[in-house]
Amino acid sequence: MTNKQRNYLVFGIFALLFFLKNLVFHWFSFYEWLPAGETGFLATLAWLLPKIGSAIFFASLTFLVKDKRWLVIPAFVIDIWCLANWIYMRNNNFLLDSFAFNIVGNLNGYWWSCIVFVELLLDISIFVSSILVSILVFRTIHKTECQWAAAAIVLLVSVVCLYASEGLFILSKDKDQRPSFRWDIATREGRERVYGIDYEYLVSETSLLSMPLFLIPDYLQIRSGKIYNRDMMPEDLSLAQTRRKPKSEVNHSDKLIIVICESLENWLVRPDIMPHLSAITQLDHVLYANNVKTQIVGAPSADGQMIINTGLLPLTEGYTCFRYPQHDYPSLMKMTTDSTVMLLPHDTSVWNQAKMSIAYGYDTTIIYSDVDTALFNKLNEIQQSGVNHIQCITQSTHAPFVICSQSQLKETKKMPIFMDRFIRAFNVLDEGLGLFVDRIATDSTLREYTIVITADHHILYHEKREKYQKYCDLNGLDYTPISPALPLIIYSPKIEGNIHISEPVYQMDIYPTVLHLLGGDDYEWQGFGINLLDSTALTQPRIIDEATAFHVSDLIIRNNWFAH
């Protein structure tokens, strides 16, 4: 066998190895081959080409090194990349992108919630395959000549595969459903996750190994100054001032509990999935808005918490909690002179919570790291000890919803796996939540509190929503996962009767509504949203629309406006 033949043999072995890893990763991440609604030869080829292209891209290193033993290094680097994405996928329901790298140093203390998703036998096997292939290569060939021309051709083929895949994906659609084609490398403007070329809904399920080819330039662009400070213009100052009142000592004695449920969506609040939470929506003294639009940007849980506490919207680029934790913020909790408690399901370094809790006016932080049954037992204990102002955040309904195994609901074999786990995980959350909310009917002390129950963000992305809605329609289920909205339940003795709002509202409306219930109509910051208890405000055009609110809020935070 000639050196050239040996080179091609080694290239073929490694290309096959990386291609198979793409397939294995895909199946154990998505539990299906093609995304929902994608059928036919062109769609299948569009799905395969990125996996083939990325495999031959990395295998092309065969032609660039003389001593093939060096190939073990890229093989193991790729294994580490696979494992990191695998765990991240189980934990967050999407793959690593460039923004994930920007926050990696700020998530110290979150390791335990990732380790729980390690599947030892499956994860170890990914390394074993590289070891076996490396041994095979070492035994058959050590040194051969470099083939620069072959490497260049292979790299060209890999790029053609990646972009041909997008073209085939577009052609596989009906003419009226075809997305636009983009040759440029897609970079994120702050609102959407980006994994590379613009596949629209197919993006997250194309190829694990093609992602770094697009992630690196995106990451470098962000690092090179994509995020920058801006001055407030006179028109911005004028608009912001309309929502600000003269600073005064506004103290209130009203009692407040905020419960932020991780990734809760509106369609889950129903008697067969979350009976305890569903029952609250029918009580007197309750406002129930079941169509709340999420306004998170890049730091889901942190952004949701900030909107609820401060009435501000997140930075349009970057993460408020990491960039400006030292700035002054208004907050519901700053209107009281009583003790305020933050109950967290993770270490205080996550989302820079140690500094942000103080910025929001919390003077005590308590950490638990168990299922949400323990959380609500702890919440009951703190409330019964006489603390009047508490916020708690749930954790067990974080992807990939491993808590679902404790659900009393039966597993539905025909239902998409992720959807089944998602539903049963919230059934478990509701059991824990019931330990707290069921007391509203029996505990006269708890009935003195304003109790806010809502979500930080939704979790199902468009491609999953379409798939689940199709499943529900075909099987006669009256679920509506196609609507990516949050629920908001507010219990307060000051609310008359039972108010049900089905019109679309925003997360930024939570703050002014709760502010009103707490007697904070003279508080220095009134927020960008509307008071949902004001029926007139619901029927009239908003004074400040969402886009304007995002723009001005971004400038308020960057310029530390509340410190002046």
# chains A, B, ... in the order shown; residues from 1 in each chain; ligands from 1
call {"tool": "residues_around", "arguments": {"residues": "region 284-297 of chain A", "least_positions_apart": "3", "cutoff": "7 Å", "atoms": "only C-alpha atoms", "output": "MDAnalysis selection string"}}
result
chainID A and resid 190:191 266 281 300 303:304 314 316 457 485:507
call {"tool": "select_by_dssp", "arguments": {"residues": "region 324-456 of chain A", "states": "alpha helix (DSSP H)", "output": "ChimeraX atom specification"}}
result
/A:353-359,372-384,417-437
call {"tool": "closest_residue", "arguments": {"among": "A:Phe63, A:Trp47, A:Tyr319, A:Phe436", "to": "Gln5 (chain A)", "atoms": "only C-alpha atoms"}}
result
A:Phe63
call {"tool": "closest_residue", "arguments": {"among": "A:Ile557, A:Lys410, A:Pro416, A:Gly519", "to": "Tyr471 (chain A)", "atoms": "only C-alpha atoms"}}
result
A:Pro416
call {"tool": "closest_residue", "arguments": {"among": "A:Asn559, A:Glu32, A:Val402, A:Gly529", "to": "Lys464 (chain A)", "atoms": "only C-alpha atoms"}}
result
A:Glu32
call {"tool": "residues_around", "arguments": {"residues": "Phe418 (chain A)", "least_positions_apart": "6", "cutoff": "10 Å", "atoms": "only C-alpha atoms", "output": "NGL selection string"}}
result
:A and (29-31 or 93 or 399-401 or 460 or 464 or 468)
call {"tool": "atom_distance", "arguments": {"atom1": "CA of Ile482 (chain A)", "atom2": "CA of Phe422 (chain A)"}}
result
14.5 Å
call {"tool": "closest_residue", "arguments": {"among": "A:His398, A:His458, A:Lys175, A:Lys255", "to": "Met89 (chain A)", "atoms": "only C-alpha atoms"}}
result
A:His398
call {"tool": "residues_around", "arguments": {"residues": "Ile530 (chain A)", "least_positions_apart": "5", "cutoff": "10 Å", "atoms": "only C-alpha atoms", "output": "tab-separated table (two decimals) with N, CA, C and O atoms, in the first residue's frame"}}
result
chain	number	residue	atom	x	y	z
A	505	VAL	N	-50.70	40.30	27.07
A	505	VAL	CA	-50.05	41.33	27.88
A	505	VAL	C	-48.56	40.98	27.95
A	505	VAL	O	-48.12	40.01	27.33
A	506	TYR	N	-47.79	41.74	28.72
A	506	TYR	CA	-46.34	41.57	28.74
A	506	TYR	C	-45.83	41.29	30.15
A	506	TYR	O	-46.47	41.64	31.14
A	508	MET	N	-43.55	42.95	31.44
A	508	MET	CA	-43.32	44.26	32.06
A	508	MET	C	-44.57	44.80	32.75
A	508	MET	O	-44.50	45.79	33.48
A	509	ASP	N	-45.73	44.17	32.53
A	509	ASP	CA	-46.97	44.59	33.20
A	509	ASP	C	-47.08	44.03	34.63
A	509	ASP	O	-47.94	44.49	35.40
A	510	ILE	N	-46.27	43.05	34.95
A	510	ILE	CA	-46.35	42.43	36.29
A	510	ILE	C	-45.96	43.45	37.36
A	510	ILE	O	-46.64	43.61	38.38
A	511	TYR	N	-44.85	44.16	37.12
A	511	TYR	CA	-44.33	45.11	38.11
A	511	TYR	C	-45.33	46.20	38.48
A	511	TYR	O	-45.63	46.39	39.67
A	512	PRO	N	-45.89	46.96	37.51
A	512	PRO	CA	-46.83	48.02	37.91
A	512	PRO	C	-48.10	47.48	38.56
A	512	PRO	O	-48.71	48.15	39.40
A	513	THR	N	-48.51	46.26	38.19
A	513	THR	CA	-49.71	45.67	38.80
A	513	THR	C	-49.47	45.37	40.28
A	513	THR	O	-50.28	45.72	41.15
A	537	ALA	N	-56.78	50.81	30.96
A	537	ALA	CA	-55.46	50.67	30.36
A	537	ALA	C	-55.40	49.47	29.42
A	537	ALA	O	-54.66	49.48	28.43
A	538	LEU	N	-56.20	48.46	29.71
A	538	LEU	CA	-56.21	47.26	28.87
A	538	LEU	C	-56.87	47.49	27.51
A	538	LEU	O	-56.58	46.79	26.55
A	542	ARG	N	-51.16	51.46	24.23
A	542	ARG	CA	-50.14	51.70	25.24
A	542	ARG	C	-49.41	53.02	24.97
A	542	ARG	O	-49.08	53.33	23.82
A	543	ILE	N	-49.13	53.75	26.02
A	543	ILE	CA	-48.37	54.99	25.90
A	543	ILE	C	-46.94	54.67	25.45
A	543	ILE	O	-46.35	55.39	24.65
A	544	ILE	N	-46.40	53.57	25.98
A	544	ILE	CA	-45.04	53.14	25.62
A	544	ILE	C	-45.13	51.74	25.03
A	544	ILE	O	-45.51	50.79	25.74
